[in-house]
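Student: So that you have it, the file is target21.txt, and it contains compact mmCIF, C-alpha atoms:
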```
# COMPACT_ATOMS: atom_id res chain seq x y z
CA MET A 19 77.10 -19.75 -161.29
CA ASN A 20 75.09 -16.70 -162.31
CA LYS A 21 74.92 -13.72 -159.98
CA SER A 22 71.25 -14.17 -159.04
CA LYS A 23 71.84 -17.74 -157.87
CA HIS A 24 74.90 -16.60 -155.98
CA ARG A 25 72.90 -13.82 -154.36
CA LYS A 26 70.10 -16.21 -153.34
CA GLN A 27 72.67 -18.60 -151.87
CA ILE A 28 74.24 -15.79 -149.86
CA MET A 29 70.85 -14.59 -148.62
CA SER A 30 70.23 -17.98 -147.03
CA GLN A 31 73.47 -17.76 -145.08
CA PRO A 32 73.20 -16.95 -141.41
CA VAL A 33 74.01 -13.83 -139.49
CA ARG A 34 76.01 -14.47 -136.34
CA ILE A 35 76.30 -12.31 -133.25
CA ILE A 36 79.63 -12.86 -131.53
CA GLU A 37 79.58 -11.93 -127.87
CA LYS A 38 82.82 -10.52 -126.42
CA LYS A 39 81.65 -9.71 -122.91
CA PRO A 40 78.73 -10.64 -120.63
CA ILE A 41 75.49 -9.22 -122.01
CA PRO A 42 73.17 -7.39 -119.60
CA THR A 43 69.70 -8.93 -119.43
CA HIS A 44 66.39 -7.09 -119.04
CA ALA A 45 68.04 -4.04 -120.62
CA LEU A 46 66.68 -1.45 -123.03
CA MET A 47 68.09 -1.94 -126.51
CA LEU A 48 68.76 0.99 -128.84
CA TYR A 49 69.12 0.58 -132.60
CA GLY A 50 71.07 3.28 -134.41
CA LEU A 51 71.58 2.06 -137.94
CA PRO A 52 72.37 4.20 -140.98
CA ASP A 53 69.19 5.66 -142.42
CA VAL A 54 67.98 9.08 -143.61
CA GLY A 55 70.08 11.92 -142.19
CA LEU A 56 72.09 9.29 -140.28
CA VAL A 57 69.89 10.32 -137.35
CA GLY A 58 69.93 6.95 -135.59
CA LEU A 59 73.65 6.41 -136.02
CA ILE A 60 74.59 9.90 -134.80
CA ALA A 61 72.15 9.77 -131.86
CA THR A 62 73.08 6.29 -130.71
CA SER A 63 76.83 6.88 -131.09
CA TYR A 64 76.46 9.97 -128.92
CA ILE A 65 74.48 8.06 -126.28
CA ILE A 66 77.15 5.31 -126.28
CA SER A 67 79.85 7.91 -125.78
CA GLU A 68 77.96 9.84 -123.08
CA LEU A 69 77.09 6.68 -121.12
CA ASP A 70 80.59 5.28 -121.72
CA LEU A 71 79.26 1.91 -122.89
CA ASP A 72 81.66 -0.94 -123.77
CA GLU A 73 81.75 -2.96 -126.96
CA ILE A 74 80.15 -6.27 -125.93
CA ALA A 75 79.36 -8.01 -129.22
CA TYR A 76 79.48 -7.65 -132.98
CA VAL A 77 77.61 -8.92 -136.00
CA ASP A 78 79.28 -11.15 -138.55
CA SER A 79 77.80 -12.28 -141.84
CA ASP A 80 78.76 -12.94 -145.44
CA LEU A 81 75.90 -10.58 -146.29
CA LEU A 82 78.02 -7.67 -145.08
CA PRO A 83 80.91 -6.21 -147.08
CA PRO A 84 84.44 -7.38 -146.15
CA VAL A 85 85.15 -4.32 -144.02
CA VAL A 86 86.80 -3.70 -140.67
CA VAL A 87 87.07 -0.30 -139.03
CA LEU A 88 90.35 0.52 -137.32
CA HIS A 89 90.08 2.49 -134.11
CA GLU A 90 93.28 3.26 -132.19
CA GLY A 91 95.01 0.77 -134.51
CA LEU A 92 92.73 -2.14 -133.63
CA PRO A 93 90.16 -3.76 -135.93
CA HIS A 94 86.45 -3.59 -135.14
CA ALA A 95 83.44 -4.94 -136.99
CA PRO A 96 81.42 -2.07 -138.44
CA LEU A 97 78.16 -3.46 -137.01
CA ARG A 98 78.71 -3.57 -133.26
CA ILE A 99 76.77 -3.85 -130.06
CA TYR A 100 77.65 -1.82 -126.98
CA GLY A 101 76.36 -2.29 -123.47
CA GLY A 102 76.58 -1.39 -119.83
CA LYS A 103 74.28 -0.98 -116.87
CA SER A 104 70.80 -1.42 -118.28
CA ILE A 105 71.35 -0.30 -121.87
CA ILE A 106 72.40 -2.18 -125.00
CA ALA A 107 73.00 -0.26 -128.23
CA ALA A 108 73.59 -1.49 -131.77
CA ILE A 109 75.26 0.79 -134.33
CA SER A 110 76.74 0.32 -137.76
CA GLU A 111 79.60 2.40 -139.11
CA MET A 112 78.77 1.30 -142.64
CA ALA A 113 75.62 1.27 -144.70
CA ILE A 114 73.95 -2.13 -144.40
CA PRO A 115 73.44 -3.54 -147.89
CA ALA A 116 69.78 -3.67 -148.90
CA ALA A 117 70.20 -7.37 -149.77
CA GLY A 118 71.20 -8.19 -146.20
CA ILE A 119 68.96 -5.91 -144.18
CA HIS A 120 66.18 -8.49 -143.57
CA SER A 121 68.54 -11.15 -142.24
CA VAL A 122 70.48 -8.69 -140.09
CA MET A 123 67.38 -7.15 -138.53
CA ARG A 124 65.77 -10.56 -137.98
CA LYS A 125 68.89 -11.78 -136.19
CA LEU A 126 69.25 -8.64 -134.07
CA THR A 127 65.63 -8.95 -132.96
CA GLU A 128 65.96 -12.66 -132.22
CA TRP A 129 69.13 -11.96 -130.22
CA ALA A 130 67.47 -9.08 -128.33
CA GLN A 131 64.65 -11.39 -127.29
CA SER A 132 67.11 -14.10 -126.21
CA LYS A 133 68.71 -11.50 -123.91
CA LYS A 134 65.26 -10.71 -122.45
CA VAL A 135 65.48 -7.11 -123.63
CA LYS A 136 62.73 -5.05 -121.97
CA MET A 137 62.12 -2.84 -124.97
CA VAL A 138 63.71 -1.98 -128.32
CA LEU A 139 64.05 1.73 -129.06
CA SER A 140 64.88 2.30 -132.70
CA ILE A 141 66.11 5.76 -133.65
CA GLY A 142 65.92 7.17 -137.17
CA GLY A 143 64.91 10.05 -139.36
CA MET A 144 61.82 11.07 -141.24
CA PRO A 145 62.72 12.88 -144.46
CA LEU A 146 61.31 16.36 -144.78
CA GLU A 147 61.64 18.26 -148.07
CA ASN A 148 61.95 21.70 -146.48
CA ARG A 149 64.08 20.61 -143.52
CA GLN A 150 66.38 23.65 -143.88
CA ASP A 151 63.42 25.91 -143.04
CA ILE A 152 62.80 24.18 -139.70
CA LYS A 153 64.72 25.18 -136.58
CA GLU A 154 63.51 22.52 -134.21
CA PRO A 155 62.76 19.17 -135.81
CA LYS A 156 59.75 17.32 -134.40
CA VAL A 157 60.00 13.67 -133.47
CA PHE A 158 57.23 11.20 -134.25
CA CYS A 159 56.90 7.73 -132.77
CA ALA A 160 55.47 4.40 -133.82
CA ALA A 161 54.97 1.48 -131.45
CA SER A 162 54.72 -2.28 -131.78
CA ASN A 163 51.59 -2.58 -129.65
CA ARG A 164 48.60 -0.64 -128.31
CA ASP A 165 49.90 -0.37 -124.71
CA LEU A 166 53.04 1.37 -125.91
CA LEU A 167 51.01 3.77 -128.02
CA ASP A 168 49.08 4.68 -124.86
CA LEU A 169 52.37 5.17 -123.01
CA LEU A 170 53.65 7.49 -125.77
CA ASP A 171 50.42 9.42 -125.64
CA LYS A 172 50.64 9.72 -121.85
CA LYS A 173 54.21 11.02 -122.07
CA GLY A 174 53.14 13.62 -124.62
CA LEU A 175 55.11 12.23 -127.58
CA ASN A 176 53.89 12.71 -131.16
CA ILE A 177 52.48 9.57 -132.72
CA LEU A 178 52.90 8.70 -136.37
CA LYS A 179 49.38 7.59 -137.16
CA GLU A 180 49.47 6.81 -140.88
CA GLY A 181 52.26 6.38 -143.39
CA TYR A 182 54.92 4.04 -144.67
CA MET A 183 58.15 3.11 -142.96
CA VAL A 184 60.96 1.66 -145.06
CA GLY A 185 64.33 0.23 -144.09
CA PRO A 186 65.90 -0.87 -140.80
CA GLN A 187 63.22 0.75 -138.63
CA ALA A 188 60.39 -0.79 -140.62
CA LEU A 189 61.86 -4.26 -140.12
CA THR A 190 62.53 -3.59 -136.44
CA MET A 191 58.86 -2.82 -135.94
CA ARG A 192 57.72 -5.78 -138.02
CA TYR A 193 59.95 -8.40 -136.38
CA CYS A 194 59.42 -7.04 -132.85
CA ALA A 195 55.63 -7.09 -133.32
CA GLU A 196 55.86 -10.68 -134.65
CA ARG A 197 57.81 -11.75 -131.56
CA LYS A 198 55.64 -9.69 -129.20
CA LEU A 199 58.72 -7.74 -128.18
CA SER A 200 57.95 -4.16 -127.16
CA ALA A 201 59.44 -1.67 -129.60
CA ILE A 202 59.21 2.04 -130.27
CA ALA A 203 60.53 3.75 -133.39
CA PHE A 204 61.58 7.39 -132.97
CA LEU A 205 61.54 9.31 -136.25
CA ALA A 206 62.98 12.82 -136.18
CA GLN A 207 62.23 15.21 -139.03
CA SER A 208 65.49 15.31 -140.94
CA PHE A 209 67.30 15.85 -144.20
CA TYR A 210 66.97 12.83 -146.47
CA ASN A 211 70.55 12.69 -147.62
CA TYR A 212 72.53 15.07 -145.45
CA PRO A 213 73.78 14.11 -141.97
CA ASP A 214 71.51 15.79 -139.45
CA PRO A 215 72.98 16.17 -135.92
CA GLU A 216 70.14 18.51 -134.88
CA ALA A 217 67.56 15.88 -135.72
CA ALA A 218 69.68 13.36 -133.77
CA ALA A 219 69.65 15.68 -130.75
CA ALA A 220 65.87 16.06 -130.99
CA ALA A 221 65.50 12.26 -131.15
CA ILE A 222 67.73 11.79 -128.09
CA ASN A 223 65.55 14.19 -126.09
CA GLU A 224 62.47 12.10 -126.88
CA VAL A 225 64.22 8.76 -126.29
CA ALA A 226 65.31 10.06 -122.89
CA LYS A 227 61.67 10.50 -121.87
CA ILE A 228 60.96 6.81 -122.41
CA ALA A 229 64.33 5.40 -121.38
CA GLU A 230 64.46 7.70 -118.36
CA LEU A 231 67.98 8.76 -119.24
CA LYS A 232 69.62 12.12 -118.67
CA ILE A 233 71.60 13.00 -121.76
CA ASP A 234 72.82 16.54 -122.37
CA VAL A 235 72.82 17.09 -126.13
CA SER A 236 74.70 20.41 -126.08
CA LYS A 237 78.04 18.81 -127.01
CA LEU A 238 76.39 17.06 -129.94
CA LEU A 239 74.98 20.34 -131.21
CA GLU A 240 78.35 22.08 -130.77
CA LYS A 241 80.02 19.37 -132.87
CA GLY A 242 77.31 19.55 -135.55
CA GLU A 243 79.48 20.96 -138.34
CA GLU A 244 82.32 18.57 -137.62
CA ILE A 245 79.91 15.61 -137.72
CA ARG A 246 78.41 16.78 -141.02
CA LEU A 247 81.88 16.98 -142.54
CA ARG A 248 83.01 13.59 -141.24
CA ALA A 249 79.80 11.79 -142.15
CA ARG A 250 79.82 12.65 -145.87
CA ASP A 251 81.14 9.30 -147.07
CA ILE A 252 78.88 7.06 -145.00
CA MET A 253 75.91 9.29 -145.89
CA LYS A 254 76.66 8.84 -149.58
CA ARG A 255 76.86 5.05 -149.28
CA THR A 256 73.74 4.95 -147.09
CA GLN A 257 71.84 6.99 -149.65
CA ARG A 258 72.67 4.39 -152.30
CA GLU A 259 71.39 1.52 -150.13
CA LEU A 260 68.25 3.50 -149.22
CA THR A 261 67.52 3.89 -152.92
CA HIS A 262 67.71 0.10 -153.28
CA MET A 263 65.31 -0.24 -150.34
CA LYS A 264 62.86 2.14 -152.10
CA LYS A 265 63.10 4.51 -149.16
CA SER A 266 61.32 7.25 -151.08
CA GLN A 267 58.12 5.27 -150.52
CA GLU A 268 57.98 7.05 -147.15
CA TYR A 269 56.71 10.09 -149.07
CA ASP A 270 53.77 8.04 -150.42
CA LEU A 271 50.23 8.42 -149.15
CA PRO A 272 48.92 5.13 -147.78
CA LEU A 273 45.71 3.62 -149.12
CA TYR A 274 43.53 1.93 -146.55
CA VAL A 275 39.86 2.33 -147.29
CA MET B 23 63.70 -14.42 -166.94
CA SER B 24 63.68 -12.52 -163.64
CA ASP B 25 67.20 -13.86 -162.95
CA TYR B 26 68.41 -12.20 -166.16
CA VAL B 27 66.73 -8.94 -165.17
CA GLU B 28 68.37 -9.16 -161.74
CA ASP B 29 71.77 -9.88 -163.33
CA PHE B 30 71.33 -6.93 -165.65
CA LYS B 31 70.41 -4.69 -162.72
CA THR B 32 73.48 -5.84 -160.78
CA TRP B 33 75.69 -5.25 -163.81
CA ALA B 34 74.24 -1.76 -164.32
CA GLU B 35 74.74 -0.96 -160.64
CA GLU B 36 78.35 -2.13 -160.81
CA ILE B 37 79.00 0.14 -163.80
CA ILE B 38 77.47 3.13 -162.03
CA GLU B 39 79.39 2.28 -158.86
CA SER B 40 82.69 2.04 -160.69
CA ALA B 41 82.05 5.29 -162.57
CA THR B 42 80.94 7.35 -159.62
CA ASN B 43 82.52 5.98 -156.54
CA GLN B 44 86.14 5.18 -157.27
CA ARG B 45 87.47 8.52 -156.26
CA PRO B 46 87.83 9.90 -152.75
CA SER B 47 85.69 12.71 -151.38
CA TRP B 48 88.78 14.91 -151.06
CA ASP B 49 91.35 16.42 -153.40
CA ILE B 50 94.82 17.20 -152.07
CA GLU B 51 95.78 19.28 -155.11
CA SER B 52 92.95 21.79 -154.78
CA CYS B 53 92.93 21.49 -150.95
CA SER B 54 89.21 20.79 -151.15
CA LEU B 55 86.64 18.37 -149.79
CA GLU B 56 83.68 17.30 -151.88
CA PRO B 57 80.42 18.31 -150.19
CA LEU B 58 77.26 16.22 -150.35
CA CYS B 59 75.14 17.54 -153.18
CA ASN B 60 71.74 16.65 -154.61
CA ILE B 61 69.67 17.59 -157.62
CA PHE B 62 65.88 17.62 -157.84
CA ILE B 63 64.01 18.26 -161.06
CA THR B 64 60.54 19.78 -160.88
CA THR B 65 58.28 20.78 -163.74
CA LYS B 66 59.50 24.40 -163.60
CA GLU B 67 63.00 24.30 -162.20
CA VAL B 68 66.05 22.33 -161.20
CA VAL B 69 66.92 22.60 -157.53
CA VAL B 70 70.52 21.89 -156.56
CA THR B 71 71.33 21.66 -152.86
CA ALA B 72 74.68 21.16 -151.13
CA ASP B 73 75.55 20.63 -147.48
CA LEU B 74 78.30 23.12 -146.64
CA PRO B 75 79.52 22.72 -143.05
CA TYR B 76 81.96 25.37 -141.80
CA ALA B 77 80.81 27.76 -144.55
CA GLU B 78 79.06 31.13 -144.37
CA PRO B 79 77.00 32.83 -147.11
CA LYS B 80 79.72 35.36 -147.99
CA MET B 81 82.25 32.55 -148.43
CA VAL B 82 80.20 30.73 -151.08
CA ARG B 83 80.75 31.11 -154.83
CA VAL B 84 78.44 29.63 -157.45
CA GLU B 85 79.35 29.78 -161.12
CA ALA B 86 77.75 28.38 -164.24
CA ILE B 87 80.20 26.36 -166.32
CA GLY B 88 78.65 26.08 -169.73
CA GLU B 89 75.00 25.16 -170.05
CA ASN B 90 74.84 21.97 -168.07
CA MET B 91 77.21 22.33 -165.14
CA ILE B 92 77.66 24.60 -162.17
CA GLU B 93 80.60 24.94 -159.80
CA ILE B 94 80.02 25.40 -156.09
CA GLU B 95 82.94 26.49 -153.95
CA ALA B 96 82.82 27.47 -150.28
CA LYS B 97 85.79 28.52 -148.19
CA MET B 98 85.58 26.93 -144.76
CA LYS B 99 85.85 28.95 -141.54
CA ARG B 100 88.67 26.67 -140.44
CA LYS B 101 91.18 24.50 -142.21
CA VAL B 102 90.73 20.78 -141.80
CA HIS B 103 93.50 18.20 -141.77
CA PHE B 104 93.45 14.42 -142.05
CA ASP B 105 94.61 14.46 -138.42
CA ASP B 106 91.25 15.98 -137.47
CA PHE B 107 89.57 12.79 -138.70
CA GLY B 108 92.06 10.66 -136.72
CA ILE B 109 93.89 9.72 -139.94
CA THR B 110 97.65 9.78 -139.47
CA HIS B 111 98.76 7.78 -142.53
CA ARG B 112 97.87 10.59 -144.96
CA LYS B 113 98.92 14.22 -145.06
CA GLY B 114 96.77 17.01 -146.38
CA GLU B 115 95.09 20.26 -145.53
CA PHE B 116 91.66 21.30 -146.77
CA SER B 117 90.39 24.85 -146.85
CA SER B 118 87.32 24.65 -149.06
CA LEU B 119 84.37 22.59 -150.21
CA LEU B 120 84.18 22.14 -153.96
CA CYS B 121 81.88 20.30 -156.35
CA GLN B 122 80.67 20.54 -159.93
CA PRO B 123 77.20 19.05 -160.24
CA ARG B 124 75.96 18.32 -163.76
CA ILE B 125 72.50 19.67 -164.58
CA PRO B 126 70.56 16.93 -166.38
CA VAL B 127 68.00 19.09 -168.27
CA PRO B 128 68.31 22.45 -170.11
CA VAL B 129 68.14 25.44 -167.72
CA LYS B 130 68.61 29.20 -167.74
CA PRO B 131 71.74 29.63 -165.59
CA GLU B 132 71.59 33.42 -165.88
CA GLN B 133 68.32 33.35 -163.88
CA MET B 134 69.51 31.17 -161.03
CA LYS B 135 68.50 32.10 -157.49
CA ILE B 136 70.69 31.21 -154.55
CA SER B 137 69.92 30.94 -150.84
CA PHE B 138 71.85 29.59 -147.86
CA LYS B 139 69.93 28.36 -144.84
CA HIS B 140 70.93 26.11 -142.00
CA GLY B 141 74.24 25.26 -143.69
CA ILE B 142 72.44 24.14 -146.85
CA LEU B 143 73.04 25.96 -150.12
CA GLU B 144 70.03 25.95 -152.42
CA ILE B 145 70.29 26.93 -156.07
CA ARG B 146 67.13 27.23 -158.17
CA LEU B 147 67.56 27.17 -161.93
CA PRO B 148 64.48 27.80 -164.10
CA ARG B 149 64.07 25.15 -166.79
CA LYS B 150 64.19 26.14 -170.44
CA LYS B 151 60.81 25.70 -172.07
CA GLY B 152 60.27 24.14 -175.45
CA TYR B 153 57.34 25.12 -177.65
CA GLU B 154 53.70 24.61 -176.85
CA ILE B 155 51.60 22.12 -178.80
CA LYS B 156 47.96 23.14 -179.00
CA VAL B 157 45.34 20.61 -178.00
CA GLU B 158 42.85 20.16 -180.82
```
Would you write out, as structure tokens, the structure that this file holds?
Tutor:
Amino acid sequence: MNKSKHRKQIMSQPVRIIEKKPIPTHALMLYGLPDVGLVGLIATSYIISELDLDEIAYVDSDLLPPVVVLHEGLPHAPLRIYGGKSIIAAISEMAIPAAGIHSVMRKLTEWAQSKKVKMVLSIGGMPLENRQDIKEPKVFCAASNRDLLDLLDKKGLNILKEGYMVGPQALTMRYCAERKLSAIAFLAQSFYNYPDPEAAAAAINEVAKIAELKIDVSKLLEKGEEIRLRARDIMKRTQRELTHMKKSQEYDLPLYV
Amino acid sequence: MSDYVEDFKTWAEEIIESATNQRPSWDIESCSLEPLCNIFITTKEVVVTADLPYAEPKMVRVEAIGENMIEIEAKMKRKVHFDDFGITHRKGEFSSLLCQPRIPVPVKPEQMKISFKHGILEIRLPRKKGYEIKVE
């Protein structure tokens, strides 16, 4: 069988979410998947750690590489879902292959709706060429419906009015809008291909305004250099997948006459 | 036809992957970690950037190696061990960040300008110009 046929066959295979513990209903769901500057992954991992959330489910699919992550000697799926109280959070400790991103995001959104999630909050970065010249990254938001845009406006958050979104956040917005599931994407100005803990901290501060959470980001900022050093490998792999997703299209000017 | 193009793309990607990604991002022998590094080519210059956590400007050394390669080395403020990453099945200590990015177009290395902001090293190398062709 040639590789294209094999790829098409794989793409039709399902994504499964295996639940390990009871899943909270009517919760807020955070997405922190590898993207520019690893903003979403760093921010969501920090929130998980600060809120002491438990691993409640994981994603399994032949679309994902045959990888397990060992923590304290025990195997974990790289794409996991944490939960507790009224928050659910999905993170991935590996770059999601471009070929599988549609199926994974579609399944996550379908699953979120089946759990009667109140709102999806997707955290990511917005690449900025001169990021090193900026001390405090701004965060821009996009919403899946008009009411949410009004809410963002009321809370004083910056709205991303025009532009392209590419990758996990783009699909989150598309599939949530299709299913009429409320979703907000938080995009912090960040480095394209360097891990950006400061952008992650800025994103957390904005997420907290909507999620009504109290998260102190000072520890995250203190650990910034350590995170940048540790995140080199996943950043490099993420960068490769983002290239396949044509992520650089986010720099393009949209045409809508 | 598109299947063949796809197969060719996959094959090319596999070759690039095997050539660039089969080595770890650390080197025990030189006690160094490989920093993330990127190269942008503009019409006038080549801009090389590198993310150098735990480094300070005075600890960074940039050297041209021939005409199409530069070496970036930065001593880190603290030594890092595999243990620090939670890895106990390997032994090693790292004291610097080291990489040798290849410059893809001709440049004037003697005119390079270096800055270090926010932990990011930025090296600007003016491009060598060819000769001008007059428009008739």
Student: What residues in chain A lie within 10 Å of chain B, counting all atoms listed in the file, written as a list in words?
Tutor: Asn20, Lys21, Ser22, Lys23, Arg25, His89, Glu90, Arg149, Gln150, Asp151, Ile152, Lys153, Asn211, Tyr212, Pro213, Gly242, Glu243, Glu244, Ile245, Arg246, Leu247, Arg248, Ala249, Arg250, Asp251, Met253, Lys254, Arg255 and Arg258 of chain A
Student: Could you state the separation of CA of Tyr182 in chain A and CA of Lys264 in chain A in Å, given to one decimal place?
Tutor: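 Taking CA of Tyr182 in chain A as the start and CA of Lys264 in chain A as the end point, the length is 11.0 Å.
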Student: Can you work out the spacing between CA of Ile228 in chain A and CA of Glu180 in chain A in Å, to one decimal?
Tutor: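 One can read the CA of Ile228 in chain A to CA of Glu180 in chain A distance as 21.8 Å.
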Student: Take the point (76.5, -10.5, -132.5) as written in the file and pick out every residue within 6 Å of it, counting only C-alpha atoms; give the list as a PyMOL selection string.
Tutor: chain A and resi 34-37+75-77
Student: What lies within 8 Å of Pro32 in chain A using only C-alpha atoms, ignoring chain neighbours under 6 positions off, as a PyMOL selection string?
Tutor: chain A and resi 79-80+121
Student: How big is the axis-aligned box around all listed atoms of range 91-107 of chain B once 8 Å goes on each side, and where's its centre, in Å to one decimal, as lines of an AutoDock Vina configuration file?
Tutor:
```
center_x = 85.9
center_y = 20.9
center_z = -151.3
size_x = 33.4
size_y = 32.2
size_z = 43.7
```
Student: Which is closest to Pro128 in chain B among B:Met81, B:Ile87, B:Val68, B:Ile61, if we use only C-alpha atoms?
Tutor: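 The shortest atom-to-atom distance to Pro128 in chain B comes from B:Val68.
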Student: Tell me which protein, DNA and RNA residues are within 12 Å of Phe158 in chain A, counting all atoms listed in the file, leaving out same-chain ones fewer than 6 positions away, and put them as a PDB file with C-alpha atoms, keeping the file's coordinate frame.
Tutor:
```
ATOM      1  CA  SER A 140      64.880   2.300-132.700  1.00  0.00           C
ATOM      2  CA  ILE A 141      66.110   5.760-133.650  1.00  0.00           C
ATOM      3  CA  GLY A 142      65.920   7.170-137.170  1.00  0.00           C
ATOM      4  CA  GLY A 143      64.910  10.050-139.360  1.00  0.00           C
ATOM      5  CA  MET A 144      61.820  11.070-141.240  1.00  0.00           C
ATOM      6  CA  PRO A 145      62.720  12.880-144.460  1.00  0.00           C
ATOM      7  CA  LEU A 167      51.010   3.770-128.020  1.00  0.00           C
ATOM      8  CA  LEU A 170      53.650   7.490-125.770  1.00  0.00           C
ATOM      9  CA  ASP A 171      50.420   9.420-125.640  1.00  0.00           C
ATOM     10  CA  GLY A 174      53.140  13.620-124.620  1.00  0.00           C
ATOM     11  CA  LEU A 175      55.110  12.230-127.580  1.00  0.00           C
ATOM     12  CA  ASN A 176      53.890  12.710-131.160  1.00  0.00           C
ATOM     13  CA  ILE A 177      52.480   9.570-132.720  1.00  0.00           C
ATOM     14  CA  LEU A 178      52.900   8.700-136.370  1.00  0.00           C
ATOM     15  CA  LYS A 179      49.380   7.590-137.160  1.00  0.00           C
ATOM     16  CA  GLU A 180      49.470   6.810-140.880  1.00  0.00           C
ATOM     17  CA  GLY A 181      52.260   6.380-143.390  1.00  0.00           C
ATOM     18  CA  MET A 183      58.150   3.110-142.960  1.00  0.00           C
ATOM     19  CA  ILE A 202      59.210   2.040-130.270  1.00  0.00           C
ATOM     20  CA  ALA A 203      60.530   3.750-133.390  1.00  0.00           C
ATOM     21  CA  PHE A 204      61.580   7.390-132.970  1.00  0.00           C
ATOM     22  CA  LEU A 205      61.540   9.310-136.250  1.00  0.00           C
ATOM     23  CA  ALA A 206      62.980  12.820-136.180  1.00  0.00           C
ATOM     24  CA  GLN A 207      62.230  15.210-139.030  1.00  0.00           C
ATOM     25  CA  SER A 208      65.490  15.310-140.940  1.00  0.00           C
ATOM     26  CA  ALA A 217      67.560  15.880-135.720  1.00  0.00           C
ATOM     27  CA  ALA A 220      65.870  16.060-130.990  1.00  0.00           C
ATOM     28  CA  ALA A 221      65.500  12.260-131.150  1.00  0.00           C
ATOM     29  CA  GLU A 224      62.470  12.100-126.880  1.00  0.00           C
ATOM     30  CA  VAL A 225      64.220   8.760-126.290  1.00  0.00           C
TER      31      VAL A 225
END
```
Student: Can you tell me, as JSON, numbers by chain, which residues sit within 6 Å of (65.6, 28.5, -164.2) in the file's frame, using all atoms listed in the file?
Tutor: {"B": [67, 129, 130, 133, 134, 147, 148, 149]}
Student: Using C-alpha atoms, can you write the selected residues to a file as an mmCIF file, in the frame of the given file?
Tutor:
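Contents of selection25.cif, freshly written:
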```cif
data_model
loop_
_atom_site.group_PDB
_atom_site.id
_atom_site.type_symbol
_atom_site.label_atom_id
_atom_site.label_comp_id
_atom_site.auth_asym_id
_atom_site.auth_seq_id
_atom_site.Cartn_x
_atom_site.Cartn_y
_atom_site.Cartn_z
ATOM 1 C CA GLU B 67 63.000 24.300 -162.200
ATOM 2 C CA VAL B 129 68.140 25.440 -167.720
ATOM 3 C CA LYS B 130 68.610 29.200 -167.740
ATOM 4 C CA GLN B 133 68.320 33.350 -163.880
ATOM 5 C CA MET B 134 69.510 31.170 -161.030
ATOM 6 C CA LEU B 147 67.560 27.170 -161.930
ATOM 7 C CA PRO B 148 64.480 27.800 -164.100
ATOM 8 C CA ARG B 149 64.070 25.150 -166.790
#
```
Student: Between CA of Tyr64 in chain A and CA of Met47 in chain A, what is the spacing in Å?
Tutor: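 Interatomic distance here is 14.8 Å.
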Student: Extract range 110-125 of chain A from the structure I just pasted (atoms: C-alpha atoms) and return it as an mmCIF file, in the first residue's frame.
Tutor:
```cif
data_model
loop_
_atom_site.group_PDB
_atom_site.id
_atom_site.type_symbol
_atom_site.label_atom_id
_atom_site.label_comp_id
_atom_site.auth_asym_id
_atom_site.auth_seq_id
_atom_site.Cartn_x
_atom_site.Cartn_y
_atom_site.Cartn_z
ATOM 1 C CA SER A 110 -0.328 17.595 25.432
ATOM 2 C CA GLU A 111 3.287 16.908 26.307
ATOM 3 C CA MET A 112 4.064 16.238 22.657
ATOM 4 C CA ALA A 113 3.460 18.129 19.454
ATOM 5 C CA ILE A 114 0.223 16.914 17.877
ATOM 6 C CA PRO A 115 0.960 15.800 14.315
ATOM 7 C CA ALA A 116 -0.559 18.110 11.717
ATOM 8 C CA ALA A 117 -2.201 15.080 10.060
ATOM 9 C CA GLY A 118 -4.137 14.280 13.225
ATOM 10 C CA ILE A 119 -5.019 17.714 14.540
ATOM 11 C CA HIS A 120 -8.502 17.892 12.944
ATOM 12 C CA SER A 121 -9.631 14.543 14.342
ATOM 13 C CA VAL A 122 -8.192 15.232 17.791
ATOM 14 C CA MET A 123 -9.757 18.683 18.086
ATOM 15 C CA ARG A 124 -13.099 17.451 16.731
ATOM 16 C CA LYS A 125 -13.153 14.659 19.317
#
```
